[in-house]
file work08.txt (compact mmCIF, C-alpha atoms and all ligand atoms)
# COMPACT_ATOMS: atom_id res chain seq x y z
CA MET A 801 0.00 0.00 0.00
CA LEU A 802 2.64 2.53 1.10
CA GLN A 803 5.99 2.04 -0.52
CA ALA A 804 9.06 4.17 0.06
CA THR A 805 12.10 3.63 -2.12
CA HIS A 806 15.64 4.85 -1.39
CA LEU A 807 14.52 7.88 0.61
CA THR A 808 17.43 10.17 1.35
CA LYS A 809 17.59 13.50 3.15
CA THR A 810 20.64 15.60 3.95
CA TYR A 811 20.73 18.70 6.14
CA GLY A 812 23.76 20.91 5.49
CA GLY A 813 26.07 18.02 4.67
CA ILE A 814 24.72 15.74 7.40
CA ALA A 815 22.77 12.76 6.11
CA ALA A 816 19.66 12.43 8.32
CA VAL A 817 18.12 9.60 6.29
CA ARG A 818 20.14 7.43 3.90
CA SER A 819 18.48 5.38 1.19
CA VAL A 820 15.68 3.93 3.28
CA SER A 821 13.22 1.62 1.51
CA ILE A 822 10.21 0.36 3.38
CA GLU A 823 6.76 -1.03 2.68
CA LEU A 824 3.59 -0.88 4.73
CA LYS A 825 0.61 -3.18 4.15
CA PRO A 826 -3.03 -2.79 5.26
CA GLY A 827 -3.70 -3.97 8.79
CA GLU A 828 0.01 -4.13 9.60
CA ILE A 829 1.92 -2.48 12.43
CA VAL A 830 5.52 -1.61 11.66
CA ALA A 831 7.89 -0.15 14.23
CA LEU A 832 11.21 1.54 13.57
CA VAL A 833 13.60 1.64 16.50
CA GLY A 834 16.56 3.97 16.62
CA ALA A 835 18.55 6.14 19.00
CA SER A 836 17.90 9.86 19.21
CA GLY A 837 19.16 11.54 16.02
CA SER A 838 18.97 8.36 13.94
CA GLY A 839 16.56 10.04 11.50
CA LYS A 840 13.20 8.75 12.75
CA SER A 841 11.27 12.03 12.64
CA THR A 842 12.80 13.06 9.32
CA LEU A 843 11.82 9.72 7.77
CA LEU A 844 8.23 9.96 9.06
CA SER A 845 7.89 13.48 7.75
CA MET A 846 9.02 12.35 4.28
CA LEU A 847 6.64 9.37 4.39
CA ALA A 848 3.78 11.76 5.19
CA GLY A 849 4.71 14.05 2.27
CA LEU A 850 5.58 16.87 4.69
CA THR A 851 9.32 17.04 3.99
CA ASP A 852 10.93 16.96 0.55
CA ALA A 853 13.25 14.03 -0.02
CA ASP A 854 16.59 14.75 -1.72
CA SER A 855 16.10 11.53 -3.64
CA GLY A 856 13.89 8.47 -3.62
CA ASP A 857 10.11 8.55 -3.51
CA VAL A 858 7.02 7.56 -1.57
CA ARG A 859 4.12 5.88 -3.34
CA ILE A 860 0.65 4.97 -2.21
CA GLN A 861 -1.11 2.35 -4.35
CA GLY A 862 1.60 3.09 -6.91
CA GLU A 863 0.85 6.82 -7.07
CA ARG A 864 3.76 9.08 -6.15
CA ILE A 865 3.19 11.43 -3.20
CA PRO A 866 4.55 14.87 -4.06
CA GLY A 867 6.76 16.68 -1.55
CA PRO A 868 5.65 19.97 0.06
CA SER A 869 7.60 22.07 -2.45
CA GLU A 870 5.49 20.68 -5.30
CA VAL A 871 1.99 21.28 -3.94
CA LEU A 872 -0.09 23.99 -2.25
CA VAL A 873 -1.33 21.73 0.54
CA PRO A 874 1.34 19.26 1.61
CA GLY A 875 0.51 15.75 2.70
CA HIS A 876 -1.88 13.11 1.42
CA ASP A 877 -5.50 12.36 2.37
CA ALA A 878 -4.76 8.73 3.10
CA ILE A 879 -1.83 9.42 5.44
CA ARG A 880 -1.87 11.04 8.87
CA LEU A 881 1.07 11.83 11.09
CA VAL A 882 0.74 12.14 14.87
CA HIS A 883 3.54 14.41 16.02
CA GLN A 884 5.51 13.81 19.16
CA GLU A 885 4.20 17.07 20.66
CA TYR A 886 0.57 16.26 19.74
CA GLN A 887 -0.07 19.79 18.32
CA LEU A 888 -3.62 20.10 19.67
CA MET A 889 -5.59 23.37 19.49
CA PRO A 890 -5.19 24.69 23.07
CA ASN A 891 -8.37 26.77 23.35
CA VAL A 892 -11.01 24.23 22.36
CA SER A 893 -12.13 21.02 24.03
CA VAL A 894 -10.96 17.51 23.35
CA ARG A 895 -14.23 16.90 21.51
CA GLU A 896 -13.83 20.00 19.36
CA ASN A 897 -10.24 19.11 18.53
CA ILE A 898 -11.50 15.82 17.11
CA THR A 899 -14.57 17.38 15.47
CA TYR A 900 -12.34 19.85 13.61
CA ALA A 901 -10.82 17.01 11.62
CA LEU A 902 -14.34 16.21 10.35
CA ARG A 903 -15.45 19.78 9.62
CA PHE A 904 -16.19 19.04 5.96
CA PHE A 905 -18.56 16.18 6.80
CA GLU A 906 -22.30 16.41 7.31
CA LYS A 907 -23.28 17.12 10.94
CA ASN A 908 -25.12 13.86 11.70
CA TYR A 909 -22.25 11.72 10.50
CA ARG A 910 -19.75 13.99 12.24
CA ASP A 911 -21.49 13.64 15.62
CA PHE A 912 -21.77 9.89 15.16
CA ARG A 913 -18.13 9.51 14.20
CA VAL A 914 -16.84 11.75 17.02
CA ASN A 915 -18.74 9.65 19.57
CA GLU A 916 -17.31 6.51 18.02
CA LEU A 917 -13.77 7.95 18.22
CA LEU A 918 -14.25 9.08 21.83
CA THR A 919 -15.20 5.52 22.73
CA LEU A 920 -12.42 3.90 20.71
CA CYS A 921 -9.82 6.22 22.23
CA ARG A 922 -11.34 6.08 25.75
CA LEU A 923 -11.95 9.83 25.89
CA THR A 924 -15.70 10.04 26.48
CA ASP A 925 -15.32 11.17 30.11
CA VAL A 926 -12.93 14.02 29.31
CA GLN A 927 -14.43 15.19 26.00
CA ASP A 928 -15.45 18.63 27.30
CA ARG A 929 -12.10 19.50 28.85
CA LEU A 930 -9.40 21.64 27.28
CA PRO A 931 -6.14 19.93 26.29
CA ARG A 932 -4.32 21.49 29.29
CA GLN A 933 -6.92 19.95 31.62
CA VAL A 934 -6.26 16.35 30.55
CA SER A 935 -3.35 13.99 31.19
CA GLY A 936 -0.51 13.30 28.77
CA GLY A 937 -2.08 9.98 27.85
CA GLU A 938 -5.40 11.65 27.08
CA LYS A 939 -3.67 14.31 24.99
CA GLN A 940 -1.91 11.58 23.06
CA ARG A 941 -5.19 9.77 22.46
CA THR A 942 -6.88 13.01 21.39
CA ALA A 943 -4.13 13.48 18.81
CA ILE A 944 -4.62 9.90 17.61
CA ALA A 945 -8.43 10.29 17.49
CA ARG A 946 -8.05 13.45 15.44
CA ALA A 947 -5.59 11.78 13.10
CA ILE A 948 -7.81 8.77 12.43
CA ALA A 949 -11.11 10.71 12.33
CA ASP A 950 -11.62 10.51 8.58
CA LYS A 951 -10.29 6.95 8.38
CA PRO A 952 -6.90 7.38 6.76
CA ALA A 953 -5.43 4.20 5.34
CA ILE A 954 -2.11 4.93 7.02
CA LEU A 955 -1.29 6.25 10.46
CA LEU A 956 2.24 7.37 11.25
CA LEU A 957 3.19 8.04 14.86
CA ASP A 958 6.30 9.77 16.18
CA GLU A 959 7.36 8.28 19.54
CA PRO A 960 3.76 7.61 20.65
CA PHE A 961 4.80 6.03 23.95
CA SER A 962 7.70 8.17 25.03
CA HIS A 963 5.85 10.61 27.32
CA LEU A 964 3.47 8.05 28.82
CA ASP A 965 3.44 6.11 32.07
CA LEU A 966 2.92 2.35 31.94
CA PRO A 967 -0.91 2.26 32.27
CA ASN A 968 -1.25 4.82 29.49
CA ARG A 969 1.24 2.98 27.29
CA LEU A 970 -0.91 -0.11 27.59
CA ILE A 971 -4.03 1.87 26.64
CA VAL A 972 -2.35 3.29 23.53
CA ARG A 973 -1.03 -0.17 22.66
CA ASP A 974 -4.54 -1.65 22.86
CA LEU A 975 -5.90 1.29 20.91
CA LEU A 976 -3.48 0.65 18.05
CA PHE A 977 -4.44 -3.03 18.06
CA ASP A 978 -8.16 -2.13 17.96
CA LEU A 979 -7.58 0.36 15.18
CA VAL A 980 -5.69 -2.05 13.00
CA ARG A 981 -8.30 -4.74 13.60
CA SER A 982 -11.49 -2.66 13.27
CA GLU A 983 -10.47 -0.26 10.49
CA SER A 984 -7.57 -2.12 8.80
CA THR A 985 -5.43 0.95 9.25
CA ALA A 986 -1.75 0.41 8.57
CA CYS A 987 0.37 1.84 11.40
CA LEU A 988 3.99 2.81 11.39
CA PHE A 989 5.52 4.19 14.54
CA VAL A 990 9.03 5.17 15.48
CA THR A 991 10.51 4.86 18.93
CA HIS A 992 13.80 4.81 20.79
CA ASP A 993 12.42 2.23 23.24
CA SER A 994 12.04 -1.22 21.81
CA SER A 995 9.89 -2.77 24.55
CA ASP A 996 6.67 -1.43 23.01
CA ALA A 997 7.88 -2.14 19.51
CA LEU A 998 8.68 -5.78 20.25
CA SER A 999 5.26 -6.48 21.69
CA ILE A 1000 3.13 -4.61 19.17
CA ALA A 1001 4.77 -4.65 15.78
CA ASN A 1002 4.33 -7.25 13.06
CA GLN A 1003 7.56 -6.01 11.52
CA LEU A 1004 10.44 -4.17 13.13
CA GLY A 1005 13.19 -2.05 11.62
CA ILE A 1006 16.40 -0.83 13.20
CA LEU A 1007 17.53 2.67 12.22
CA ARG A 1008 21.09 3.75 12.74
CA ASP A 1009 22.57 7.03 11.51
CA GLY A 1010 19.76 7.34 8.97
CA ARG A 1011 20.15 3.82 7.62
CA LEU A 1012 17.71 0.96 7.98
CA ILE A 1013 20.23 -1.65 9.07
CA GLN A 1014 17.85 -4.54 9.75
CA PHE A 1015 14.19 -5.32 9.09
CA GLY A 1016 12.19 -8.38 10.08
CA THR A 1017 9.83 -9.80 12.66
CA PRO A 1018 10.42 -8.74 16.28
CA THR A 1019 11.32 -12.31 17.27
CA ASP A 1020 13.87 -12.65 14.46
CA ILE A 1021 15.53 -9.34 15.26
CA TYR A 1022 15.54 -10.01 19.00
CA ARG A 1023 17.04 -13.46 18.55
CA GLN A 1024 19.27 -12.77 15.58
CA PRO A 1025 20.30 -9.11 15.65
CA ALA A 1026 22.65 -8.19 12.81
CA THR A 1027 24.93 -5.95 14.83
CA SER A 1028 25.65 -5.04 18.43
CA TYR A 1029 23.63 -1.83 17.94
CA ALA A 1030 20.57 -3.85 16.82
CA ALA A 1031 21.08 -6.18 19.78
CA ARG A 1032 21.29 -3.34 22.29
CA MET A 1033 18.35 -1.45 20.78
CA THR A 1034 16.09 -4.49 21.23
CA GLY A 1035 16.75 -5.38 24.85
CA LEU A 1036 19.18 -6.49 27.50
CA VAL A 1037 22.15 -8.30 26.10
CA THR A 1038 25.71 -9.35 26.87
CA ILE A 1039 28.21 -8.95 24.05
CA VAL A 1040 31.56 -10.72 24.37
CA LYS A 1041 34.33 -11.74 21.99
CA ALA A 1042 34.25 -15.37 20.91
CA LYS A 1043 37.66 -15.97 22.47
CA HIS A 1044 35.93 -15.79 25.88
CA LEU A 1045 33.48 -18.62 25.12
CA PRO A 1046 35.49 -21.19 27.19
CA VAL A 1047 35.12 -18.88 30.23
CA LEU A 1048 31.36 -19.28 29.78
CA GLY A 1049 31.72 -23.05 29.75
CA LEU A 1050 31.20 -23.23 25.96
CA PRO A 1051 33.37 -24.68 23.17
CA ALA A 1052 36.03 -22.38 21.72
CA SER A 1053 35.40 -20.68 18.37
CA ASP A 1054 37.59 -20.56 15.27
CA HIS A 1055 37.06 -16.79 15.07
CA PRO A 1056 38.26 -15.33 18.36
CA GLU A 1057 37.43 -11.70 17.53
CA THR A 1058 33.85 -12.39 16.42
CA LEU A 1059 31.29 -10.74 18.68
CA ILE A 1060 28.83 -13.02 20.43
CA CYS A 1061 25.47 -11.88 21.66
CA LEU A 1062 23.69 -13.54 24.59
CA ARG A 1063 20.25 -12.63 25.90
CA PRO A 1064 19.93 -12.79 29.71
CA GLU A 1065 17.12 -15.36 29.66
CA HIS A 1066 19.60 -17.85 28.20
CA VAL A 1067 21.97 -17.48 31.13
CA HIS A 1068 20.75 -19.51 34.12
CA LEU A 1069 21.87 -20.01 37.68
CA ASP A 1070 22.80 -23.68 37.74
CA ASP A 1071 24.96 -25.59 40.23
CA SER A 1072 26.60 -27.57 37.41
CA GLY A 1073 27.75 -24.38 35.63
CA VAL A 1074 30.87 -22.19 35.71
CA GLU A 1075 31.58 -20.12 38.79
CA GLY A 1076 31.39 -16.34 39.01
CA GLN A 1077 30.59 -13.52 41.38
CA LEU A 1078 27.27 -11.70 41.57
CA ARG A 1079 28.12 -8.07 40.81
CA ALA A 1080 24.66 -6.52 40.59
CA LEU A 1081 21.07 -7.44 41.32
CA PHE A 1082 18.06 -5.49 40.03
CA PHE A 1083 14.56 -6.29 41.20
CA LYS A 1084 12.13 -6.22 38.26
CA GLY A 1085 8.93 -7.38 39.94
CA SER A 1086 8.46 -10.73 38.23
CA HIS A 1087 12.19 -11.56 38.36
CA TYR A 1088 15.68 -10.23 39.08
CA GLU A 1089 18.23 -9.08 36.54
CA LEU A 1090 21.73 -10.15 37.54
CA GLU A 1091 25.23 -9.28 36.49
CA VAL A 1092 27.65 -12.12 37.03
CA GLU A 1093 31.38 -11.56 36.64
CA LEU A 1094 33.23 -14.60 35.35
CA SER A 1095 36.62 -13.01 34.74
CA ARG A 1096 38.13 -9.54 34.44
CA TYR A 1097 36.83 -9.36 30.87
CA VAL A 1098 33.54 -11.19 31.06
CA CYS A 1099 30.46 -10.08 32.92
CA LEU A 1100 27.17 -11.71 31.92
CA ARG A 1101 23.60 -10.53 32.33
CA ALA A 1102 21.26 -13.20 33.61
CA LEU A 1103 17.70 -13.51 34.91
CA SER A 1104 16.50 -15.32 38.00
CA THR A 1105 13.37 -15.62 40.10
CA ARG A 1106 15.33 -16.65 43.20
CA ASN A 1107 14.78 -14.48 46.26
CA ASP A 1108 17.85 -15.49 48.28
CA LEU A 1109 20.60 -13.81 46.22
CA GLN A 1110 23.09 -11.33 47.67
CA ILE A 1111 25.47 -9.04 45.82
CA GLY A 1112 29.03 -10.33 46.15
CA GLN A 1113 28.16 -13.99 46.58
CA ARG A 1114 29.65 -16.75 44.45
CA VAL A 1115 27.16 -18.26 41.99
CA ARG A 1116 27.33 -20.81 39.21
CA ILE A 1117 25.84 -20.13 35.81
CA ARG A 1118 25.14 -22.12 32.69
CA VAL A 1119 24.73 -20.66 29.21
CA ASP A 1120 22.47 -22.30 26.61
CA GLU A 1121 24.87 -23.16 23.81
CA LYS A 1122 22.16 -22.94 21.17
CA ALA A 1123 21.36 -19.37 22.21
CA VAL A 1124 24.83 -18.12 21.27
CA TRP A 1125 24.43 -15.75 18.32
CA LYS A 1126 27.29 -14.32 16.24
CA LEU A 1127 27.06 -10.64 15.32
CA ASN A 1128 28.36 -9.12 12.11
CA ARG A 1129 30.07 -6.36 14.12
P1 LIG A 1201 15.28 11.38 15.49
O1 LIG A 1201 13.84 11.70 15.27
O2 LIG A 1201 15.62 9.94 15.29
O3 LIG A 1201 15.80 11.87 16.81
P2 LIG A 1201 15.73 13.36 13.43
O4 LIG A 1201 15.07 12.89 12.21
O5 LIG A 1201 15.01 14.41 14.23
O6 LIG A 1201 16.13 12.13 14.37
O7 LIG A 1201 17.16 13.94 13.08
C1 LIG A 1201 18.13 13.23 12.33
C2 LIG A 1201 19.34 14.12 12.09
O8 LIG A 1201 19.00 15.18 11.23
C3 LIG A 1201 19.89 14.76 13.36
O9 LIG A 1201 21.28 14.78 13.25
C4 LIG A 1201 19.30 16.13 13.35
O10 LIG A 1201 20.13 17.03 14.03
C5 LIG A 1201 19.22 16.44 11.86
N1 LIG A 1201 18.08 17.31 11.53
C6 LIG A 1201 16.78 16.99 11.67
N2 LIG A 1201 15.97 17.99 11.25
C7 LIG A 1201 16.79 18.99 10.87
C8 LIG A 1201 16.59 20.31 10.33
N3 LIG A 1201 15.36 20.79 10.10
N4 LIG A 1201 17.69 21.02 10.04
C9 LIG A 1201 18.93 20.55 10.24
N5 LIG A 1201 19.19 19.32 10.73
C10 LIG A 1201 18.15 18.55 11.04
MG MG A 1202 12.42 12.51 16.57

call {"tool": "encode", "arguments": {"input": "work08.txt", "output": "structure tokens", "more": "lines below"}}
Ligand code: ADP
Ligand code: MG
result
Amino acid sequence: MLQATHLTKTYGGIAAVRSVSIELKPGEIVALVGASGSGKSTLLSMLAGLTDADSGDVRIQGERIPGPSEVLVPGHDAIRLVHQEYQLMPNVSVRENITYALRFFEKNYRDFRVNELLTLCRLTDVQDRLPRQVSGGEKQRTAIARAIADKPAILLLDEPFSHLDLPNRLIVRDLLFDLVRSESTACLFVTHDSSDALSIANQLGILRDGRLIQFGTPTDIYRQPATSYAARMTGLVTIVKAKHLPVLGLPASDHPETLICLRPEHVHLDDSGVEGQLRALFFKGSHYELEVELSRYVCLRALSTRNDLQIGQRVRIRVDEKAVWKLNR
């Protein structure tokens, strides 16, 4: 449906987005994860037809979307972008902010659709308040309701979870699921925090310095990250050189300088394992995250549900050999 090919954008000699190609299908949620400055907002703005690309193009159903320098009214009817700062009208209510997006529709339909959106976005109780009188989560949902009011085929969201507390993140997550299911909207969101991306997206991309360095399902990228950056952007990880594998109780590798990536859930406390010292212990509610030092050069992240651990104590750990994953760099 939406197809971007080799999008590139340079600001004063600095490449913000470099030859990014990406496709979005109906009813699909795609997430792009990248550090701050990796080009996420610039890419979204080009996808929405709000920033001119230096080269490459964006097509919807095969039709090229012109950049803002080519048209009087930038953007495309089928694509909506929810900005990170929401950009609500401050002096009118939540309801009126949403209604405004439907101002060209007949009143009966408009009232019906606004009520439907208020329900979908869980805003019915706060509909008469001004934006400054509602929470960050409600502002975010107002911005989403306004964006989807006239049923765009494509919804783009810039860091939709970054200002929200956990309960509100879950509400927005469910809202995106509902939207994709009930209206077959295609969603693409960008984020610097992969935890939401891993759980929501059908497809996940990793952006680094303007380049899309990996694209695939969340499970594939989590388990088989291409590089150490992709591994770190998608969760807790230990990265060690292959020459240290024997210290972990694993067979030596032919390529000592190759980087190995290990997720903490594959490192277990086990009395038959190799010995180390517990360096750190972080309570995470359902479990603990541990750091276990095996030598001066090797400290592994592990998970445990045991309640009797003390920092400094000797522990034994075992690493699942089949979970060892070699990185490209
Ligand atoms: P992200 O959203 O991932 O934080 P951005 O797309 O905002 O990244 O920015 C990518 C790079 O492009 C950054 O180095 C940023 O400083 C630069 N950049 C973004 N917008 C502009 C602009 N309007 N003028 C100059 N440089 C910009
Ligand atoms: Mg940004």

call {"tool": "residues_around", "arguments": {"input": "work08.txt", "residues": "Lys1122 of chain A", "least_positions_apart": "5", "cutoff": "12 Å", "atoms": "all atoms listed in the file", "output": "count of residues only"}}
result
10

call {"tool": "closest_atom_pairs", "arguments": {"input": "work08.txt", "of": "segment 883-1002 of chain A", "to": "segment 828-837 of chain A", "cutoff": "10 Å", "atoms": "only C-alpha atoms", "output": "JSON lines"}}
result
{"residue": "A:Ile954", "atom": "CA", "partner": "A:Glu828", "partner_atom": "CA", "distance": 9.7}
{"residue": "A:Leu955", "atom": "CA", "partner": "A:Ile829", "partner_atom": "CA", "distance": 9.5}
{"residue": "A:Leu956", "atom": "CA", "partner": "A:Val830", "partner_atom": "CA", "distance": 9.6}
{"residue": "A:Leu957", "atom": "CA", "partner": "A:Ala831", "partner_atom": "CA", "distance": 9.5}
{"residue": "A:Asp958", "atom": "CA", "partner": "A:Leu832", "partner_atom": "CA", "distance": 9.9}
{"residue": "A:Glu959", "atom": "CA", "partner": "A:Val833", "partner_atom": "CA", "distance": 9.6}
{"residue": "A:Leu976", "atom": "CA", "partner": "A:Ile829", "partner_atom": "CA", "distance": 8.4}
{"residue": "A:Phe977", "atom": "CA", "partner": "A:Ile829", "partner_atom": "CA", "distance": 8.5}
{"residue": "A:Val980", "atom": "CA", "partner": "A:Glu828", "partner_atom": "CA", "distance": 7.0}
{"residue": "A:Arg981", "atom": "CA", "partner": "A:Glu828", "partner_atom": "CA", "distance": 9.2}
{"residue": "A:Ser984", "atom": "CA", "partner": "A:Glu828", "partner_atom": "CA", "distance": 7.9}
{"residue": "A:Thr985", "atom": "CA", "partner": "A:Glu828", "partner_atom": "CA", "distance": 7.5}
{"residue": "A:Ala986", "atom": "CA", "partner": "A:Glu828", "partner_atom": "CA", "distance": 5.0}
{"residue": "A:Cys987", "atom": "CA", "partner": "A:Ile829", "partner_atom": "CA", "distance": 4.7}
{"residue": "A:Leu988", "atom": "CA", "partner": "A:Val830", "partner_atom": "CA", "distance": 4.7}
{"residue": "A:Phe989", "atom": "CA", "partner": "A:Ala831", "partner_atom": "CA", "distance": 5.0}
{"residue": "A:Val990", "atom": "CA", "partner": "A:Leu832", "partner_atom": "CA", "distance": 4.6}
{"residue": "A:Thr991", "atom": "CA", "partner": "A:Val833", "partner_atom": "CA", "distance": 5.1}
{"residue": "A:His992", "atom": "CA", "partner": "A:Gly834", "partner_atom": "CA", "distance": 5.1}
{"residue": "A:Asp993", "atom": "CA", "partner": "A:Val833", "partner_atom": "CA", "distance": 6.9}
{"residue": "A:Ser994", "atom": "CA", "partner": "A:Val833", "partner_atom": "CA", "distance": 6.2}
{"residue": "A:Ser995", "atom": "CA", "partner": "A:Val833", "partner_atom": "CA", "distance": 9.9}
{"residue": "A:Asp996", "atom": "CA", "partner": "A:Ala831", "partner_atom": "CA", "distance": 9.0}
{"residue": "A:Ala997", "atom": "CA", "partner": "A:Ala831", "partner_atom": "CA", "distance": 5.6}
{"residue": "A:Leu998", "atom": "CA", "partner": "A:Ala831", "partner_atom": "CA", "distance": 8.3}
{"residue": "A:Ile1000", "atom": "CA", "partner": "A:Ile829", "partner_atom": "CA", "distance": 7.2}
{"residue": "A:Ala1001", "atom": "CA", "partner": "A:Ile829", "partner_atom": "CA", "distance": 4.9}
{"residue": "A:Asn1002", "atom": "CA", "partner": "A:Ile829", "partner_atom": "CA", "distance": 5.4}

call {"tool": "closest_atom_pairs", "arguments": {"input": "work08.txt", "of": "chain A", "to": "ligand LIG 1201 (chain A)", "cutoff": "8 Å", "atoms": "all atoms listed in the file", "output": "JSON lines"}}
result
{"residue": "A:Thr810", "atom": "CA", "partner": "A:LIG1201", "partner_atom": "O8", "distance": 7.5}
{"residue": "A:Tyr811", "atom": "CA", "partner": "A:LIG1201", "partner_atom": "C9", "distance": 4.8}
{"residue": "A:Gly812", "atom": "CA", "partner": "A:LIG1201", "partner_atom": "C9", "distance": 6.8}
{"residue": "A:Ile814", "atom": "CA", "partner": "A:LIG1201", "partner_atom": "O9", "distance": 6.9}
{"residue": "A:Ala815", "atom": "CA", "partner": "A:LIG1201", "partner_atom": "O8", "distance": 6.8}
{"residue": "A:Ala816", "atom": "CA", "partner": "A:LIG1201", "partner_atom": "O8", "distance": 4.1}
{"residue": "A:Val817", "atom": "CA", "partner": "A:LIG1201", "partner_atom": "C1", "distance": 7.0}
{"residue": "A:Gly834", "atom": "CA", "partner": "A:LIG1201", "partner_atom": "O2", "distance": 6.2}
{"residue": "A:Ala835", "atom": "CA", "partner": "A:LIG1201", "partner_atom": "O2", "distance": 6.1}
{"residue": "A:Ser836", "atom": "CA", "partner": "A:LIG1201", "partner_atom": "O3", "distance": 3.8}
{"residue": "A:Gly837", "atom": "CA", "partner": "A:LIG1201", "partner_atom": "O3", "distance": 3.5}
{"residue": "A:Ser838", "atom": "CA", "partner": "A:LIG1201", "partner_atom": "O2", "distance": 3.9}
{"residue": "A:Gly839", "atom": "CA", "partner": "A:LIG1201", "partner_atom": "O4", "distance": 3.3}
{"residue": "A:Lys840", "atom": "CA", "partner": "A:LIG1201", "partner_atom": "O2", "distance": 3.7}
{"residue": "A:Ser841", "atom": "CA", "partner": "A:LIG1201", "partner_atom": "O1", "distance": 3.7}
{"residue": "A:Thr842", "atom": "CA", "partner": "A:LIG1201", "partner_atom": "O4", "distance": 3.7}
{"residue": "A:Leu843", "atom": "CA", "partner": "A:LIG1201", "partner_atom": "O4", "distance": 6.4}
{"residue": "A:Asp958", "atom": "CA", "partner": "A:LIG1201", "partner_atom": "O1", "distance": 7.8}
{"residue": "A:His992", "atom": "CA", "partner": "A:LIG1201", "partner_atom": "O2", "distance": 7.7}
{"residue": "A:Asp1009", "atom": "CA", "partner": "A:LIG1201", "partner_atom": "C1", "distance": 7.7}
{"residue": "A:Gly1010", "atom": "CA", "partner": "A:LIG1201", "partner_atom": "C1", "distance": 7.0}

call {"tool": "write_last_selection", "arguments": {"input": "work08.txt", "atoms": "C-alpha atoms", "output": "CSV table (one decimal), in the coordinates of the input"}}
result
chain,number,residue,atom,x,y,z
A,810,THR,CA,20.6,15.6,4.0
A,811,TYR,CA,20.7,18.7,6.1
A,812,GLY,CA,23.8,20.9,5.5
A,814,ILE,CA,24.7,15.7,7.4
A,815,ALA,CA,22.8,12.8,6.1
A,816,ALA,CA,19.7,12.4,8.3
A,817,VAL,CA,18.1,9.6,6.3
A,834,GLY,CA,16.6,4.0,16.6
A,835,ALA,CA,18.6,6.1,19.0
A,836,SER,CA,17.9,9.9,19.2
A,837,GLY,CA,19.2,11.5,16.0
A,838,SER,CA,19.0,8.4,13.9
A,839,GLY,CA,16.6,10.0,11.5
A,840,LYS,CA,13.2,8.8,12.8
A,841,SER,CA,11.3,12.0,12.6
A,842,THR,CA,12.8,13.1,9.3
A,843,LEU,CA,11.8,9.7,7.8
A,958,ASP,CA,6.3,9.8,16.2
A,992,HIS,CA,13.8,4.8,20.8
A,1009,ASP,CA,22.6,7.0,11.5
A,1010,GLY,CA,19.8,7.3,9.0

call {"tool": "atom_distance", "arguments": {"input": "work08.txt", "atom1": "atom CA of Ile1117 of chain A", "atom2": "atom CA of Glu1075 of chain A"}}
result
6.5 Å

call {"tool": "closest_residue", "arguments": {"input": "work08.txt", "among": "A:Leu966, A:Leu888, A:Leu902, A:Leu1103", "to": "Arg941 of chain A", "atoms": "only C-alpha atoms"}}
result
A:Leu888

call {"tool": "residues_near_point", "arguments": {"input": "work08.txt", "point": "(3.5, 6.2, -3.3)", "cutoff": "10 Å", "atoms": "all atoms listed in the file", "output": "list of chain:residue names"}}
result
A:Met801, A:Leu802, A:Gln803, A:Ala804, A:Thr805, A:Glu823, A:Leu847, A:Gly849, A:Asp857, A:Val858, A:Arg859, A:Ile860, A:Gln861, A:Gly862, A:Glu863, A:Arg864, A:Ile865, A:Pro866, A:His876

call {"tool": "atom_distance", "arguments": {"input": "work08.txt", "atom1": "atom CA of Ser893 of chain A", "atom2": "atom CA of Asp950 of chain A"}}
result
18.7 Å

call {"tool": "atom_distance", "arguments": {"input": "work08.txt", "atom1": "atom CA of Ala901 of chain A", "atom2": "atom CA of Ala947 of chain A"}}
result
7.5 Å

call {"tool": "residues_around", "arguments": {"input": "work08.txt", "residues": "Ile944 of chain A", "least_positions_apart": "2", "cutoff": "9 Å", "atoms": "all atoms listed in the file", "output": "MDAnalysis selection string"}}
result
chainID A and resid 881:882 886 921 939:942 946:949 955 957

call {"tool": "closest_residue", "arguments": {"input": "work08.txt", "among": "A:Thr919, A:His883, A:Ser982, A:Leu975", "to": "ligand MG 1202 (chain A)", "atoms": "all atoms listed in the file"}}
result
A:His883

call {"tool": "decode", "arguments": {"input": "work08.txt", "residues": "segment 1107-1111 of chain A", "atoms": "N, CA, C and O atoms", "output": "CSV table (one decimal), in the first residue's frame"}}
result
chain,number,residue,atom,x,y,z
A,1107,ASN,N,14.9,-15.6,45.3
A,1107,ASN,CA,14.8,-14.5,46.3
A,1107,ASN,C,15.9,-14.4,47.3
A,1107,ASN,O,16.0,-13.5,48.1
A,1108,ASP,N,16.9,-15.4,47.2
A,1108,ASP,CA,17.9,-15.5,48.3
A,1108,ASP,C,19.2,-15.0,47.8
A,1108,ASP,O,20.2,-15.3,48.5
A,1109,LEU,N,19.3,-14.2,46.8
A,1109,LEU,CA,20.6,-13.8,46.2
A,1109,LEU,C,21.1,-12.5,46.9
A,1109,LEU,O,20.4,-11.7,47.3
A,1110,GLN,N,22.4,-12.5,47.0
A,1110,GLN,CA,23.1,-11.3,47.7
A,1110,GLN,C,24.2,-10.9,46.8
A,1110,GLN,O,25.0,-11.7,46.3
A,1111,ILE,N,24.4,-9.6,46.6
A,1111,ILE,CA,25.5,-9.0,45.8
A,1111,ILE,C,26.8,-9.5,46.5
A,1111,ILE,O,26.9,-9.4,47.7
